[in-house]
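J.: First the structure, then my questions, so here it is.
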Amino acid sequence: MTPLTRPFRSVLYIPGSKTRALEKATTLPVDAIIFDLEDAVSPDEKAKARELLAETLSGTDFGPRYRLVRINGQDTEWGPKDLETFAKVGPDAILLPKVESRAAVAEISARLDAEPASARTRLWAMMETPLGILNAAEIATGPRMEGFVMGTNDLAKDLNCRFRADREPLLTSLQLCLLAARAHGLICIDSVFNAFKDNEGLRVEAGQGRDMGFDGKSLIHPAQVAITNAAFAPSAAEVEIAQRQIAAFEEAEAKGEGVAVLDGKIVENLHVETARALLAKADAIAELES
Ligand code: COA
Ligand code: MG
């Protein structure tokens with residue numbers, strides 16, 4: 001599977017300090033895991049968590065789950081050692097907090113270049129500060145860059161905006177990052193939904209993220225996984241329409257026409273491309289779940 005057809009519906013944060021949660025990871029139907037050393041781990045536990053996580057990642061088969069490690073910022077007392085340690089482990093990706101420039105990405109990439117174990121390790125950026133959001137387009141072009149994860153808790157704090165269920169105060173920021181990600185072929189993951197016992201609220205917000213174009217949502221609790229996997233997967237109805245669109249267009253083409261009509265709506269080449277991408281995504285999910 002190429003990165004862009006690979007599903008990233010559910011991206012679960014697991015605190016690097018929590019043994020029980022780390023053990024659970026191999027049983028959860030998540031598409032990706034963010035093993036966290038940053039905000040989910042208290043200062044007292046940072047060093048121990050780094051050690052536990054390095055050991056766990058080296059000795060555990062996480063199956064098809066994509067493995068990201070969120071390290072501490074390079075301007076903290078833990079960040080440089082986190083980077084040094086996980087460059088030797090070589091996870092699928094390293095997630096950098098509070099990225100604000102392309103140069104910050106390039107600096108980390110250069111350090112990974114010196115470590116053969118991380119030859120295939122990609123970089124992802126947390127998009128969670130006003131300056132980072134404004135620089136999203138240049139950050140997206142950084143070396144090894146593969147994805148963005150939205151961090152709206154930090155962003156809301158800096159913006160001084162209020163929490164609203166419709167996320168109106170955050171929409172410009174979310175869309176700037178989506179635009180930058182799509183312009184440069186990156187994966188783009190929506191932020192967490194804090195009220196982890198509010199299933200209906202999560203369903204609504206995940207649906208909003210899917211409608212906007214995000215590839216998936218970052219999660220804090222296993223109870224959020226099934227709802228999110230469903231929200232970001234093509235529905236049976238969408239698959240059926242896609243199949244009918246392709247058939248209708250092929251029929252029109254055979255008659256020498258460039259446009260088909262299905263259920264009173266036009267179907268052009270571009271709709272067929274979207275339909276094929278949707279079917280490829282459904283296949284990729286089926287493959288992941290088989
Ligand atoms: N990943 C994997 N397993 C998790 C988990 C996670 N993020 N959060 C909880 N679990 C597990 C627990 O270990 C527990 O397992 P068990 O019943 O088999 O022992 C089970 O899920 C139920 O947990 P629950 O008791 O409902 O949650 P909690 O009260 O222990 O923890 C949180 C709630 C929010 C503190 C916890 O989910 C958490 O730490 N989430 C991650 C927060 C984070 O990463 N924040 C940074 C990014 S915003
Ligand atoms: Mg943050």
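Identifiers for the structure tokens are assigned positionally: chains receive A, B, ... in sequence, residues are indexed from 1 per chain, and ligands are indexed from 1 in the order shown.
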Ligand 2: which residues are within 7 Å, counting only C-alpha atoms and all ligand atoms? Reply as a list in words.
T.: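 I would give the residues around ligand 2 as Asp39, Pro97, Lys98, Glu128, Gly151, Asn153 and Asp154 of chain A.
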J.: Would you pick out the contacts of range 25-31 of chain A at 10 Å or less, using only C-alpha atoms, so that residues sharing its chain but fewer than 3 positions from it are not included, and give the list as a PyMOL selection string?
T.: chain A and resi 6-14+20-22+35+60-67+216+219+222-226+228-229+285+288-289
J.: Save out the residues we just selected, N, CA, C and O atoms, as a CSV table (one decimal), in the first residue's frame.
T.:
```csv
chain,number,residue,atom,x,y,z
A,6,ARG,N,-3.2,4.1,2.0
A,6,ARG,CA,-3.2,3.5,3.3
A,6,ARG,C,-4.2,4.2,4.2
A,6,ARG,O,-4.2,5.4,4.4
A,7,PRO,N,-5.1,3.4,4.9
A,7,PRO,CA,-6.1,4.1,5.7
A,7,PRO,C,-5.4,4.7,7.0
A,7,PRO,O,-4.5,4.1,7.6
A,8,PHE,N,-5.9,5.9,7.3
A,8,PHE,CA,-5.5,6.6,8.6
A,8,PHE,C,-6.7,7.1,9.3
A,8,PHE,O,-6.8,8.2,9.7
A,9,ARG,N,-7.7,6.2,9.3
A,9,ARG,CA,-9.0,6.7,9.9
A,9,ARG,C,-8.9,7.0,11.4
A,9,ARG,O,-9.3,8.0,11.9
A,10,SER,N,-8.3,6.1,12.1
A,10,SER,CA,-8.2,6.2,13.6
A,10,SER,C,-6.7,6.2,14.0
A,10,SER,O,-6.0,5.3,13.6
A,11,VAL,N,-6.3,7.3,14.7
A,11,VAL,CA,-4.9,7.5,15.0
A,11,VAL,C,-4.9,7.7,16.5
A,11,VAL,O,-5.2,8.8,17.0
A,12,LEU,N,-4.6,6.7,17.3
A,12,LEU,CA,-4.8,6.7,18.8
A,12,LEU,C,-3.5,7.1,19.5
A,12,LEU,O,-2.4,6.5,19.3
A,13,TYR,N,-3.6,8.1,20.3
A,13,TYR,CA,-2.5,8.5,21.2
A,13,TYR,C,-2.4,7.4,22.3
A,13,TYR,O,-3.4,7.1,23.0
A,14,ILE,N,-1.2,6.9,22.6
A,14,ILE,CA,-1.0,6.1,23.8
A,14,ILE,C,0.1,6.7,24.6
A,14,ILE,O,1.2,6.8,24.0
A,20,ARG,N,0.0,-0.7,30.7
A,20,ARG,CA,-1.3,-1.4,30.3
A,20,ARG,C,-1.8,-0.9,29.0
A,20,ARG,O,-2.2,-1.7,28.2
A,21,ALA,N,-1.7,0.4,28.7
A,21,ALA,CA,-2.2,0.9,27.5
A,21,ALA,C,-1.4,0.5,26.3
A,21,ALA,O,-1.8,0.2,25.2
A,22,LEU,N,-0.1,0.4,26.5
A,22,LEU,CA,0.9,-0.1,25.5
A,22,LEU,C,0.6,-1.5,25.1
A,22,LEU,O,0.6,-1.9,24.0
A,35,PHE,N,2.6,6.9,19.7
A,35,PHE,CA,3.2,6.7,21.0
A,35,PHE,C,3.7,8.0,21.6
A,35,PHE,O,4.6,8.6,21.0
A,60,THR,N,8.0,-5.5,20.0
A,60,THR,CA,6.6,-5.9,19.8
A,60,THR,C,6.2,-5.7,18.3
A,60,THR,O,6.6,-4.8,17.7
A,61,ASP,N,5.4,-6.7,17.9
A,61,ASP,CA,4.9,-6.6,16.5
A,61,ASP,C,3.5,-5.9,16.6
A,61,ASP,O,2.5,-6.5,17.1
A,62,PHE,N,3.4,-4.8,16.0
A,62,PHE,CA,2.1,-4.0,16.0
A,62,PHE,C,1.3,-4.3,14.8
A,62,PHE,O,0.3,-3.6,14.5
A,63,GLY,N,1.7,-5.3,14.0
A,63,GLY,CA,0.9,-5.7,12.9
A,63,GLY,C,0.8,-4.6,11.9
A,63,GLY,O,1.8,-3.9,11.7
A,64,PRO,N,-0.3,-4.4,11.3
A,64,PRO,CA,-0.4,-3.4,10.2
A,64,PRO,C,-0.5,-1.9,10.8
A,64,PRO,O,-0.6,-1.0,10.0
A,65,ARG,N,-0.6,-1.8,12.1
A,65,ARG,CA,-0.8,-0.4,12.6
A,65,ARG,C,0.5,0.4,12.4
A,65,ARG,O,1.6,0.0,12.7
A,66,TYR,N,0.2,1.6,11.8
A,66,TYR,CA,1.3,2.6,11.5
A,66,TYR,C,1.8,3.1,12.9
A,66,TYR,O,1.0,3.6,13.7
A,67,ARG,N,3.1,3.1,13.0
A,67,ARG,CA,3.7,3.5,14.3
A,67,ARG,C,4.4,4.9,14.3
A,67,ARG,O,5.4,5.1,13.6
A,216,GLY,N,-8.4,11.2,8.7
A,216,GLY,CA,-8.8,10.5,9.9
A,216,GLY,C,-8.8,11.4,11.1
A,216,GLY,O,-8.6,12.6,10.9
A,219,LEU,N,-7.2,10.3,18.4
A,219,LEU,CA,-8.1,9.8,19.4
A,219,LEU,C,-7.3,9.7,20.7
A,219,LEU,O,-6.1,9.5,20.7
A,222,PRO,N,-9.7,4.2,23.7
A,222,PRO,CA,-10.1,3.1,22.8
A,222,PRO,C,-11.6,3.1,22.4
A,222,PRO,O,-12.0,2.7,21.4
A,223,ALA,N,-12.4,3.7,23.3
A,223,ALA,CA,-13.9,3.7,23.0
A,223,ALA,C,-14.2,4.6,21.8
A,223,ALA,O,-15.3,4.6,21.3
A,224,GLN,N,-13.2,5.4,21.4
A,224,GLN,CA,-13.5,6.3,20.2
A,224,GLN,C,-13.2,5.7,18.9
A,224,GLN,O,-13.5,6.2,17.8
A,225,VAL,N,-12.6,4.5,18.9
A,225,VAL,CA,-12.0,3.9,17.7
A,225,VAL,C,-13.1,3.5,16.7
A,225,VAL,O,-13.1,3.9,15.5
A,226,ALA,N,-14.1,2.7,17.2
A,226,ALA,CA,-15.1,2.2,16.2
A,226,ALA,C,-15.9,3.3,15.5
A,226,ALA,O,-16.1,3.3,14.3
A,228,THR,N,-14.9,6.3,14.9
A,228,THR,CA,-14.1,7.1,14.0
A,228,THR,C,-13.8,6.2,12.7
A,228,THR,O,-13.8,6.7,11.6
A,229,ASN,N,-13.5,4.9,12.9
A,229,ASN,CA,-13.3,4.0,11.8
A,229,ASN,C,-14.5,4.1,10.8
A,229,ASN,O,-14.3,4.1,9.6
A,285,ILE,N,-9.0,-0.6,3.1
A,285,ILE,CA,-9.5,-0.9,4.5
A,285,ILE,C,-9.8,-2.4,4.6
A,285,ILE,O,-9.5,-3.0,5.7
A,288,LEU,N,-6.6,-4.2,5.2
A,288,LEU,CA,-6.1,-3.9,6.5
A,288,LEU,C,-6.8,-4.7,7.6
A,288,LEU,O,-6.3,-5.2,8.5
A,289,GLU,N,-8.1,-4.9,7.3
A,289,GLU,CA,-8.9,-5.6,8.3
A,289,GLU,C,-9.0,-7.1,8.1
A,289,GLU,O,-9.6,-7.8,9.0
```
J.: Find the residues around range 40-57 of chain A up to 7 Å (only C-alpha atoms counted), leave out those fewer than 6 positions away in its own chain, and share them as a list in words.
T.: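 Those residues are Pro15, Gly16, Ser17, Asp82, Phe86 and Val89 of chain A.
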J.: According to DSSP computed on the backbone, where in range 176-226 of chain A is there strand (DSSP E or B)? Give the residues as a PDB file with N, CA, C and O atoms, in the first residue's frame.
T.:
```pdb
ATOM      1  N   ILE A 187      -0.667  13.481   4.262  1.00  0.00           N
ATOM      2  CA  ILE A 187      -1.817  12.989   5.009  1.00  0.00           C
ATOM      3  C   ILE A 187      -2.190  14.079   6.022  1.00  0.00           C
ATOM      4  O   ILE A 187      -1.309  14.771   6.536  1.00  0.00           O
ATOM      5  N   CYS A 188      -3.488  14.229   6.303  1.00  0.00           N
ATOM      6  CA  CYS A 188      -3.899  15.271   7.246  1.00  0.00           C
ATOM      7  C   CYS A 188      -4.919  14.696   8.238  1.00  0.00           C
ATOM      8  O   CYS A 188      -5.991  14.229   7.838  1.00  0.00           O
ATOM      9  N   ILE A 189      -4.544  14.712   9.515  1.00  0.00           N
ATOM     10  CA  ILE A 189      -5.353  14.076  10.565  1.00  0.00           C
ATOM     11  C   ILE A 189      -5.967  15.134  11.472  1.00  0.00           C
ATOM     12  O   ILE A 189      -5.260  16.005  11.996  1.00  0.00           O
ATOM     13  N   ASP A 190      -7.248  15.016  11.672  1.00  0.00           N
ATOM     14  CA  ASP A 190      -7.986  15.968  12.507  1.00  0.00           C
ATOM     15  C   ASP A 190      -7.596  15.792  13.988  1.00  0.00           C
ATOM     16  O   ASP A 190      -7.028  14.776  14.386  1.00  0.00           O
ATOM     17  N   GLY A 216      -8.444  11.211   8.674  1.00  0.00           N
ATOM     18  CA  GLY A 216      -8.835  10.496   9.878  1.00  0.00           C
ATOM     19  C   GLY A 216      -8.775  11.443  11.057  1.00  0.00           C
ATOM     20  O   GLY A 216      -8.567  12.644  10.889  1.00  0.00           O
ATOM     21  N   LYS A 217      -8.958  10.852  12.241  1.00  0.00           N
ATOM     22  CA  LYS A 217      -9.013  11.683  13.443  1.00  0.00           C
ATOM     23  C   LYS A 217      -8.076  11.115  14.499  1.00  0.00           C
ATOM     24  O   LYS A 217      -7.964   9.891  14.639  1.00  0.00           O
ATOM     25  N   SER A 218      -7.428  11.994  15.238  1.00  0.00           N
ATOM     26  CA  SER A 218      -6.607  11.539  16.354  1.00  0.00           C
ATOM     27  C   SER A 218      -7.519  11.312  17.563  1.00  0.00           C
ATOM     28  O   SER A 218      -8.523  12.010  17.738  1.00  0.00           O
ATOM     29  N   LEU A 219      -7.177  10.294  18.362  1.00  0.00           N
ATOM     30  CA  LEU A 219      -8.063   9.814  19.424  1.00  0.00           C
ATOM     31  C   LEU A 219      -7.296   9.674  20.722  1.00  0.00           C
ATOM     32  O   LEU A 219      -6.069   9.464  20.706  1.00  0.00           O
TER      33      LEU A 219
END
```
J.: I'd like the interatomic distance between CA of Pro130 in chain A and CA of Ser101 in chain A, to a tenth of an Å.
T.: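 Interatomic distance here is 11.6 Å.
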J.: Restricting the calculation to only C-alpha atoms and all ligand atoms, which member of A:His221, A:Arg167, A:Arg203, A:Lys197 is positioned closest to ligand 1?
T.: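 For ligand 1, the nearest of the given residues is A:His221.
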J.: Which distance in Å separates CA of Arg164 in chain A and CA of Gly207 in chain A, to one decimal?
T.: 15.5 Å
J.: At a cut-off of 10 Å, using only C-alpha atoms, what residues contact range 137-149 of chain A? Leave out same-chain residues fewer than 2 positions from it and give the result as an NGL selection string.
T.: :A and (3-4 or 11 or 93-97 or 99-110 or 112 or 119-128 or 132-135 or 151-152 or 176-192 or 214 or 216-218)
J.: For His271 in chain A, list every protein, DNA or RNA residue within 12 Å, evaluated using only C-alpha atoms, and leave out those in the same chain fewer than 2 positions away; present the list as number ranges by chain.
T.: A: 241-249, 258-262, 265-269, 273-278
J.: Pick out each residue of range 177-248 of chain A that DSSP on the backbone tags as alpha helix (DSSP H); I need them as a PyMOL selection string.
T.: chain A and resi 177-183+199-212+225-232+236-248
J.: Given only C-alpha atoms and all ligand atoms as the basis, pick out the residue of A:Ala254, A:Ile34, A:Ala233, A:Ala284 nearest to ligand 1.
T.: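 So, comparing all the options, the nearest one is A:Ile34.
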J.: Please provide the set of residues having any atom within 9 Å of Ile227 in chain A, restricted to only C-alpha atoms, with same-chain residues fewer than 6 positions apart removed, written as a list in words.
T.: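 The contact residues come out as Asn199, Leu202, Arg203 and Ala206 of chain A.
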J.: Which is closest to ligand 1 among A:Glu77, A:Leu37, A:Glu115, A:Ala231, if we use only C-alpha atoms and all ligand atoms?
T.: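 Using only C-alpha atoms and all ligand atoms, ligand 1 sits closest to A:Leu37.
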J.: Rank A:Ser173, A:Ala32, A:Phe196, A:Glu253 by their smallest atom-to-atom distance to ligand 1, using only C-alpha atoms and all ligand atoms, and report the top residue only.
T.: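 Checking each of A:Ser173, A:Ala32, A:Phe196, A:Glu253 against ligand 1, counting only C-alpha atoms and all ligand atoms, the winner is A:Phe196.
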J.: Using only C-alpha atoms, which protein or nucleic acid residues come within 9 Å of Glu84 in chain A? Drop anything in the same chain fewer than 4 positions from it, and give the result as a short mmCIF file (atom, residue, chain, number, x, y, z; two decimals) with C-alpha atoms, in the first residue's frame.
T.:
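Saved result, around-v1.cif, follows:
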```
data_model
loop_
_atom_site.label_atom_id
_atom_site.label_comp_id
_atom_site.auth_asym_id
_atom_site.auth_seq_id
_atom_site.Cartn_x
_atom_site.Cartn_y
_atom_site.Cartn_z
CA GLY A 79 13.69 16.37 23.20
CA PRO A 80 17.29 15.80 22.03
CA LYS A 88 18.02 4.25 16.48
CA ARG A 111 19.86 14.21 12.15
CA LEU A 112 17.93 11.15 10.98
#
```
